[in-house]
$ cat query-v1.cif   # mmCIF, C-alpha atoms and all ligand atoms; chains and numbers go by the auth columns
data_my_file
loop_
_atom_site.group_PDB
_atom_site.id
_atom_site.type_symbol
_atom_site.label_atom_id
_atom_site.label_comp_id
_atom_site.label_asym_id
_atom_site.label_seq_id
_atom_site.Cartn_x
_atom_site.Cartn_y
_atom_site.Cartn_z
_atom_site.B_iso_or_equiv
_atom_site.auth_seq_id
_atom_site.auth_asym_id
ATOM 1 C CA MET A 1 -76.716 27.576 88.432 0.00 14 F
ATOM 2 C CA PRO A 2 -77.050 28.659 92.082 0.00 15 F
ATOM 3 C CA ALA A 3 -75.635 26.179 94.596 0.00 16 F
ATOM 4 C CA LYS A 4 -79.111 25.524 96.048 0.00 17 F
ATOM 5 C CA GLU A 5 -80.499 24.159 92.754 0.00 18 F
ATOM 6 C CA SER A 6 -77.301 22.454 91.898 0.00 19 F
ATOM 7 C CA LEU A 7 -77.322 20.536 95.216 0.00 20 F
ATOM 8 C CA GLU A 8 -80.920 19.343 94.915 0.00 21 F
ATOM 9 C CA ARG A 9 -79.944 15.925 93.580 0.00 22 F
ATOM 10 C CA TYR A 10 -77.343 15.516 96.323 0.00 23 F
ATOM 11 C CA ARG A 11 -79.927 16.188 99.045 0.00 24 F
ATOM 12 C CA LYS A 12 -82.672 14.062 97.474 0.00 25 F
ATOM 13 C CA LYS A 13 -80.427 11.025 97.425 0.00 26 F
ATOM 14 C CA ARG A 14 -79.601 11.232 101.131 0.00 27 F
ATOM 15 C CA ASP A 15 -81.226 11.241 104.547 0.00 28 F
ATOM 16 C CA LEU A 16 -78.932 13.900 105.955 0.00 29 F
ATOM 17 C CA SER A 17 -80.094 13.302 109.510 0.00 30 F
ATOM 18 C CA ALA A 18 -78.810 9.727 109.328 0.00 31 F
ATOM 19 C CA THR A 19 -75.493 10.006 107.472 0.00 32 F
ATOM 20 C CA PRO A 20 -72.407 11.897 108.679 0.00 33 F
ATOM 21 C CA GLU A 21 -72.092 13.546 105.238 0.00 34 F
ATOM 22 C CA PRO A 22 -72.386 17.369 105.227 0.00 35 F
ATOM 23 C CA GLU A 23 -75.640 19.067 104.286 0.00 36 F
ATOM 24 C CA GLY A 24 -73.868 21.897 102.503 0.00 37 F
ATOM 25 C CA ASP A 25 -74.274 25.641 102.746 0.00 38 F
ATOM 26 C CA ASP A 26 -76.149 27.205 99.796 0.00 39 F
ATOM 27 C CA ASN A 27 -74.524 30.545 100.398 0.00 40 F
ATOM 28 C CA LYS A 28 -70.963 29.404 100.092 0.00 41 F
ATOM 29 C CA THR A 29 -69.286 31.731 97.657 0.00 42 F
ATOM 30 C CA SER A 30 -65.731 30.579 97.902 0.00 43 F
ATOM 31 C CA LYS A 31 -63.614 31.752 94.981 0.00 44 F
ATOM 32 C CA GLY A 32 -61.165 28.983 95.637 0.00 45 F
ATOM 33 C CA HIS A 33 -60.271 26.147 93.372 0.00 46 F
ATOM 34 C CA ILE A 34 -60.380 23.054 95.514 0.00 47 F
ATOM 35 C CA PHE A 35 -59.932 19.635 94.074 0.00 48 F
ATOM 36 C CA VAL A 36 -60.373 16.418 95.975 0.00 49 F
ATOM 37 C CA ILE A 37 -60.274 12.745 95.113 0.00 50 F
ATOM 38 C CA GLN A 38 -62.182 10.599 97.588 0.00 51 F
ATOM 39 C CA LYS A 39 -61.543 6.890 97.715 0.00 52 F
ATOM 40 C CA HIS A 40 -64.953 5.362 98.289 0.00 53 F
ATOM 41 C CA ASP A 41 -65.262 1.779 99.411 0.00 54 F
ATOM 42 C CA ALA A 42 -68.924 1.373 98.450 0.00 55 F
ATOM 43 C CA SER A 43 -70.463 -1.664 96.717 0.00 56 F
ATOM 44 C CA ASN A 44 -67.658 -1.167 94.191 0.00 57 F
ATOM 45 C CA LEU A 45 -64.453 0.585 95.240 0.00 58 F
ATOM 46 C CA HIS A 46 -63.997 3.762 93.182 0.00 59 F
ATOM 47 C CA TYR A 47 -62.411 7.201 93.320 0.00 60 F
ATOM 48 C CA ASP A 48 -64.654 10.286 93.327 0.00 61 F
ATOM 49 C CA PHE A 49 -62.888 13.083 91.479 0.00 62 F
ATOM 50 C CA ARG A 50 -64.274 16.511 92.406 0.00 63 F
ATOM 51 C CA LEU A 51 -63.499 20.037 91.187 0.00 64 F
ATOM 52 C CA GLU A 52 -64.828 23.232 92.751 0.00 65 F
ATOM 53 C CA VAL A 53 -66.824 25.174 90.155 0.00 66 F
ATOM 54 C CA ASN A 54 -69.212 28.022 91.049 0.00 67 F
ATOM 55 C CA GLY A 55 -69.616 27.118 94.706 0.00 68 F
ATOM 56 C CA VAL A 56 -70.143 23.363 94.337 0.00 69 F
ATOM 57 C CA LEU A 57 -67.996 20.306 93.675 0.00 70 F
ATOM 58 C CA LYS A 58 -68.492 18.952 90.148 0.00 71 F
ATOM 59 C CA SER A 59 -68.042 15.199 90.477 0.00 72 F
ATOM 60 C CA TRP A 60 -67.085 12.083 88.538 0.00 73 F
ATOM 61 C CA ALA A 61 -66.694 8.512 89.780 0.00 74 F
ATOM 62 C CA VAL A 62 -63.496 6.948 88.451 0.00 75 F
ATOM 63 C CA PRO A 63 -63.622 3.157 88.963 0.00 76 F
ATOM 64 C CA LYS A 64 -59.877 2.558 88.588 0.00 77 F
ATOM 65 C CA GLY A 65 -58.672 5.884 89.979 0.00 78 F
ATOM 66 C CA PRO A 66 -56.334 8.357 88.278 0.00 79 F
ATOM 67 C CA SER A 67 -53.140 7.360 86.507 0.00 80 F
ATOM 68 C CA THR A 68 -49.906 9.334 86.207 0.00 81 F
ATOM 69 C CA ASP A 69 -49.234 7.694 82.829 0.00 82 F
ATOM 70 C CA PRO A 70 -50.300 9.917 79.887 0.00 83 F
ATOM 71 C CA ASP A 71 -50.992 6.834 77.771 0.00 84 F
ATOM 72 C CA VAL A 72 -53.661 5.570 80.170 0.00 85 F
ATOM 73 C CA LYS A 73 -57.279 6.718 79.944 0.00 86 F
ATOM 74 C CA ARG A 74 -59.559 6.155 82.904 0.00 87 F
ATOM 75 C CA LEU A 75 -63.332 6.012 82.693 0.00 88 F
ATOM 76 C CA ALA A 76 -65.020 8.799 84.710 0.00 89 F
ATOM 77 C CA MET A 77 -68.793 8.623 85.197 0.00 90 F
ATOM 78 C CA PRO A 78 -70.482 11.939 86.068 0.00 91 F
ATOM 79 C CA THR A 79 -72.288 12.020 89.426 0.00 92 F
ATOM 80 C CA GLU A 80 -74.309 14.665 91.244 0.00 93 F
ATOM 81 C CA ASP A 81 -72.758 17.955 92.377 0.00 94 F
ATOM 82 C CA HIS A 82 -71.580 17.841 95.983 0.00 95 F
ATOM 83 C CA PRO A 83 -71.380 20.709 98.507 0.00 96 F
ATOM 84 C CA LEU A 84 -67.971 22.312 99.013 0.00 97 F
ATOM 85 C CA GLU A 85 -67.896 21.033 102.600 0.00 98 F
ATOM 86 C CA TYR A 86 -67.755 17.516 101.191 0.00 99 F
ATOM 87 C CA ALA A 87 -64.120 18.062 100.215 0.00 100 F
ATOM 88 C CA GLY A 88 -63.064 17.485 103.820 0.00 101 F
ATOM 89 C CA PHE A 89 -65.375 14.556 104.464 0.00 102 F
ATOM 90 C CA GLU A 90 -63.801 11.352 105.637 0.00 103 F
ATOM 91 C CA GLY A 91 -65.949 8.808 107.439 0.00 104 F
ATOM 92 C CA VAL A 92 -68.474 6.035 107.155 0.00 105 F
ATOM 93 C CA ILE A 93 -71.827 6.236 105.351 0.00 106 F
ATOM 94 C CA PRO A 94 -74.076 3.812 107.245 0.00 107 F
ATOM 95 C CA GLU A 95 -75.532 0.610 105.781 0.00 108 F
ATOM 96 C CA GLY A 96 -78.810 1.093 103.977 0.00 109 F
ATOM 97 C CA HIS A 97 -77.920 4.629 102.887 0.00 110 F
ATOM 98 C CA TYR A 98 -76.929 5.940 99.477 0.00 111 F
ATOM 99 C CA GLY A 99 -73.215 5.297 98.921 0.00 112 F
ATOM 100 C CA ALA A 100 -72.937 3.142 102.072 0.00 113 F
ATOM 101 C CA GLY A 101 -69.300 2.478 102.851 0.00 114 F
ATOM 102 C CA THR A 102 -66.086 4.198 103.832 0.00 115 F
ATOM 103 C CA VAL A 103 -64.959 7.522 102.343 0.00 116 F
ATOM 104 C CA MET A 104 -61.312 8.653 102.437 0.00 117 F
ATOM 105 C CA VAL A 105 -59.737 11.919 101.279 0.00 118 F
ATOM 106 C CA TRP A 106 -57.241 10.163 99.027 0.00 119 F
ATOM 107 C CA ASP A 107 -55.808 13.358 97.547 0.00 120 F
ATOM 108 C CA THR A 108 -56.598 17.045 97.847 0.00 121 F
ATOM 109 C CA GLY A 109 -55.221 20.436 96.949 0.00 122 F
ATOM 110 C CA THR A 110 -55.951 23.215 94.500 0.00 123 F
ATOM 111 C CA TYR A 111 -56.280 23.331 90.739 0.00 124 F
ATOM 112 C CA ARG A 112 -55.808 25.831 87.927 0.00 125 F
ATOM 113 C CA ASN A 113 -57.932 26.014 84.796 0.00 126 F
ATOM 114 C CA LEU A 114 -55.622 25.573 81.784 0.00 127 F
ATOM 115 C CA ARG A 115 -58.099 26.228 78.981 0.00 128 F
ATOM 116 C CA HIS A 116 -57.760 29.384 76.895 0.00 129 F
ATOM 117 C CA ASP A 117 -59.177 30.410 73.520 0.00 130 F
ATOM 118 C CA LYS A 118 -57.147 31.574 70.526 0.00 131 F
ATOM 119 C CA GLU A 119 -56.996 35.119 71.923 0.00 132 F
ATOM 120 C CA ASN A 120 -55.637 33.662 75.162 0.00 133 F
ATOM 121 C CA ASN A 121 -58.766 34.439 77.173 0.00 134 F
ATOM 122 C CA GLU A 122 -59.572 31.870 79.806 0.00 135 F
ATOM 123 C CA ILE A 123 -62.444 29.541 78.887 0.00 136 F
ATOM 124 C CA SER A 124 -64.515 29.284 82.068 0.00 137 F
ATOM 125 C CA MET A 125 -64.779 25.959 83.861 0.00 138 F
ATOM 126 C CA GLU A 126 -68.531 26.090 83.291 0.00 139 F
ATOM 127 C CA ASP A 127 -68.057 26.444 79.507 0.00 140 F
ATOM 128 C CA SER A 128 -65.433 23.718 79.545 0.00 141 F
ATOM 129 C CA ILE A 129 -67.854 21.339 81.266 0.00 142 F
ATOM 130 C CA ASN A 130 -70.717 22.236 78.912 0.00 143 F
ATOM 131 C CA LYS A 131 -68.475 21.659 75.909 0.00 144 F
ATOM 132 C CA GLY A 132 -67.152 18.411 77.349 0.00 145 F
ATOM 133 C CA LYS A 133 -63.469 19.254 77.599 0.00 146 F
ATOM 134 C CA ILE A 134 -61.703 20.189 80.815 0.00 147 F
ATOM 135 C CA GLU A 135 -57.993 20.810 81.260 0.00 148 F
ATOM 136 C CA VAL A 136 -56.698 21.508 84.745 0.00 149 F
ATOM 137 C CA TRP A 137 -53.379 21.677 86.533 0.00 150 F
ATOM 138 C CA LEU A 138 -53.592 19.814 89.825 0.00 151 F
ATOM 139 C CA ASP A 139 -51.497 20.754 92.794 0.00 152 F
ATOM 140 C CA GLY A 140 -52.283 17.937 95.182 0.00 153 F
ATOM 141 C CA LYS A 141 -50.267 15.897 97.618 0.00 154 F
ATOM 142 C CA LYS A 142 -50.158 12.865 95.335 0.00 155 F
ATOM 143 C CA LEU A 143 -51.196 14.172 91.932 0.00 156 F
ATOM 144 C CA LYS A 144 -49.491 17.087 90.237 0.00 157 F
ATOM 145 C CA GLY A 145 -49.575 18.482 86.739 0.00 158 F
ATOM 146 C CA GLY A 146 -52.051 18.672 83.902 0.00 159 F
ATOM 147 C CA TYR A 147 -55.069 16.414 83.614 0.00 160 F
ATOM 148 C CA VAL A 148 -57.683 16.361 80.887 0.00 161 F
ATOM 149 C CA ILE A 149 -61.260 15.140 81.276 0.00 162 F
ATOM 150 C CA ILE A 150 -63.131 14.635 78.015 0.00 163 F
ATOM 151 C CA ARG A 151 -66.753 13.710 77.440 0.00 164 F
ATOM 152 C CA THR A 152 -67.361 10.729 75.206 0.00 165 F
ATOM 153 C CA ASN A 153 -70.616 8.900 74.846 0.00 166 F
ATOM 154 C CA LEU A 154 -69.811 5.250 74.987 0.00 167 F
ATOM 155 C CA GLY A 155 -72.834 3.159 74.107 0.00 168 F
ATOM 156 C CA GLY A 156 -75.142 6.178 74.194 0.00 169 F
ATOM 157 C CA LYS A 157 -74.463 6.838 77.872 0.00 170 F
ATOM 158 C CA GLU A 158 -72.707 10.000 79.008 0.00 171 F
ATOM 159 C CA SER A 159 -69.266 9.124 80.188 0.00 172 F
ATOM 160 C CA TRP A 160 -65.974 10.964 80.422 0.00 173 F
ATOM 161 C CA LEU A 161 -62.340 9.933 80.237 0.00 174 F
ATOM 162 C CA LEU A 162 -59.658 11.150 82.649 0.00 175 F
ATOM 163 C CA LYS A 163 -56.113 11.274 81.386 0.00 176 F
ATOM 164 C CA LYS A 164 -52.770 12.688 82.517 0.00 177 F
ATOM 165 C CA MET A 165 -51.420 15.318 80.136 0.00 178 F
ATOM 166 C CA LYS A 166 -47.895 14.957 78.763 0.00 179 F
ATOM 167 C CA ASP A 167 -45.835 17.275 80.949 0.00 180 F
ATOM 168 C CA ASP A 168 -42.930 17.130 83.389 0.00 181 F
ATOM 169 C CA MET A 169 -45.160 15.682 86.101 0.00 182 F
ATOM 170 C CA ALA A 170 -46.225 12.697 83.975 0.00 183 F
ATOM 171 C CA ASP A 171 -44.628 9.436 85.105 0.00 184 F
ATOM 172 C CA PRO A 172 -45.674 6.079 83.663 0.00 185 F
ATOM 173 C CA ARG A 173 -43.719 4.219 86.380 0.00 186 F
ATOM 174 C CA ARG A 174 -45.644 5.761 89.251 0.00 187 F
ATOM 175 C CA ASP A 175 -48.902 4.157 90.293 0.00 188 F
ATOM 176 C CA PRO A 176 -50.107 6.154 93.308 0.00 189 F
ATOM 177 C CA VAL A 177 -53.462 4.345 93.462 0.00 190 F
ATOM 178 C CA SER A 178 -51.613 1.192 94.550 0.00 191 F
ATOM 179 C CA THR A 179 -48.423 2.570 96.156 0.00 192 F
ATOM 180 C CA GLU A 180 -50.026 5.449 98.116 0.00 193 F
ATOM 181 C CA PRO A 181 -53.330 3.971 99.303 0.00 194 F
ATOM 182 C CA ASP A 182 -53.817 6.014 102.495 0.00 195 F
ATOM 183 C CA SER A 183 -55.512 9.316 103.326 0.00 196 F
ATOM 184 C CA ALA A 184 -53.833 12.564 102.246 0.00 197 F
ATOM 185 C CA LYS A 185 -55.713 14.258 105.074 0.00 198 F
ATOM 186 C CA THR A 186 -55.161 11.994 108.078 0.00 199 F
ATOM 187 C CA GLY A 187 -52.767 9.299 106.890 0.00 200 F
ATOM 188 C CA ARG A 188 -55.347 6.652 107.785 0.00 201 F
ATOM 189 C CA SER A 189 -56.122 3.514 105.803 0.00 202 F
ATOM 190 C CA LEU A 190 -59.679 2.591 104.756 0.00 203 F
ATOM 191 C CA GLU A 191 -59.737 0.023 107.579 0.00 204 F
ATOM 192 C CA GLU A 192 -58.741 2.633 110.162 0.00 205 F
ATOM 193 C CA ILE A 193 -61.438 5.035 108.969 0.00 206 F
ATOM 194 C CA ALA A 194 -64.004 2.217 108.908 0.00 207 F
ATOM 195 C CA GLY A 195 -63.158 1.409 112.513 0.00 208 F
ATOM 196 C CA GLU A 196 -63.565 4.955 113.803 0.00 209 F
ATOM 197 C CA LYS A 197 -66.072 5.583 116.557 0.00 210 F
ATOM 198 C CA GLY A 198 -68.513 8.420 117.059 0.00 211 F
ATOM 199 C CA ASP A 199 -68.563 9.654 113.483 0.00 212 F
ATOM 200 C CA LYS A 200 -72.186 10.819 113.701 0.00 213 F
ATOM 201 C CA LYS A 201 -72.917 14.461 113.053 0.00 214 F
ATOM 202 C CA GLU A 202 -73.754 16.444 116.160 0.00 215 F
HETATM 203 MN MN MN B . -68.720 7.581 95.423 0.00 301 W
#
$ encode --input "query-v1.cif" --output "structure tokens" --more "lines below"
Ligand code: MN
Amino acid sequence: MPAKESLERYRKKRDLSATPEPEGDDNKTSKGHIFVIQKHDASNLHYDFRLEVNGVLKSWAVPKGPSTDPDVKRLAMPTEDHPLEYAGFEGVIPEGHYGAGTVMVWDTGTYRNLRHDKENNEISMEDSINKGKIEVWLDGKKLKGGYVIIRTNLGGKESWLLKKMKDDMADPRRDPVSTEPDSAKTGRSLEEIAGEKGDKKE
């Protein structure tokens, strides 16, 4: 799907003249593989997990945030595609607007698609998403190693589960959501971001 169509829901939900969030460029054709996890202090604190796929950020809201323990599954609710520019967004969405609250770049980096078929051909990220099984290697500042995201339909509603894969980077004793709460981009806490001045778009 072209980025323009894919970002329709994102734009419909927002008054982009009144929130500092990026509008997004439909012609972005980055071949990169960005991942970002944004800590979002909205009505309920959650972590927005986003993967760059075909020029947009595929997104899931993870209420409890990611775990580094392969025995822990975390609920991940799909949300609308976001523009690539969103990956760098840290700031405050004003009261009365969709997602009102503070957004922090909690972790960011690049990812690698780990899925291959029996002949060892890569299964595209798009196919992985359509089939409801994603396996990626994250190379972030806080999270590293394999993660799997699997679609399950709990109670008839589309939901996914995020889980650390069993590899050398798995560590049940780590709990970065609580021990590394600050921004991977600026080192700021949620309170410091919330207190920033002049965060309006020019
Ligand atoms: Mn959110």
$ residues_near_ligand --input "query-v1.cif" --ligand "ligand MN 301 (chain W)" --cutoff "12 Å" --atoms "all atoms listed in the file" --output "PyMOL selection string"
chain F and resi 23+34+50-63+72-76+78+89-95+99+102-103+105-106+111-118
$ residues_around --input "query-v1.cif" --residues "Lys176 of chain F" --least-positions-apart "6" --cutoff "7 Å" --atoms "only C-alpha atoms" --output "list in words"
Pro83, Val85, Lys86, Arg87, Tyr160, Val161 and Ile162 of chain F
$ closest_residue --input "query-v1.cif" --among "F:Thr165, F:Asn40, F:Ser137, F:Ser19" --to "Leu70 of chain F" --atoms "all atoms listed in the file"
F:Ser19
$ resolve_selection --input "query-v1.cif" --expression "the PyMOL selection byres (((chain F and resi 45) around 12) and not hetatm)" --output "count of residues only"
20
$ atom_distance --input "query-v1.cif" --atom1 "atom CA of Asp184 of chain F" --atom2 "atom CA of Glu148 of chain F"
18.0 Å
$ residues_around --input "query-v1.cif" --residues "Glu193 of chain F" --least-positions-apart "6" --cutoff "12 Å" --atoms "only C-alpha atoms" --output "list in words"
Lys52, Gly78, Trp119, Asp120, Lys154, Lys155, Leu156, Arg187, Gly200, Arg201 and Ser202 of chain F
$ residues_around --input "query-v1.cif" --residues "Asp82 of chain F" --least-positions-apart "2" --cutoff "7 Å" --atoms "only C-alpha atoms" --output "list in words"
Ser80, Asp84, Val85, Lys177, Ala183, Asp184 and Pro185 of chain F
$ resolve_selection --input "query-v1.cif" --expression "the PyMOL selection byres (((chain F and resi 31) around 12) and not hetatm)" --output "VMD selection string"
chain F and resid 27 to 30 32 to 36 105 to 111 113 212 to 215
$ closest_residue --input "query-v1.cif" --among "F:Gly158, F:Leu127, F:Gly153, F:Ala207" --to "Lys179 of chain F" --atoms "only C-alpha atoms"
F:Gly158
$ axis_aligned_box --input "query-v1.cif" --around "segment 114-130 of chain F" --padding-each-side "4 Å" --output "AutoDock Vina command-line options"
--center_x -62.3 --center_y 16.4 --center_z 88.7 --size_x 22.1 --size_y 35.9 --size_z 38.3
$ atom_distance --input "query-v1.cif" --atom1 "atom CA of Pro194 of chain F" --atom2 "atom CA of Lys71 of chain F"
23.2 Å
$ atom_distance --input "query-v1.cif" --atom1 "atom CA of Thr121 of chain F" --atom2 "atom CA of Asn134 of chain F"
27.1 Å
$ closest_residue --input "query-v1.cif" --among "F:Arg164, F:Lys17, F:Lys26, F:Arg186" --to "Leu88 of chain F" --atoms "all atoms listed in the file"
F:Arg164
$ residues_around --input "query-v1.cif" --residues "Gly145 of chain F" --least-positions-apart "3" --cutoff "7 Å" --atoms "all atoms listed in the file" --output "ChimeraX atom specification"
/F:141-142,163-164
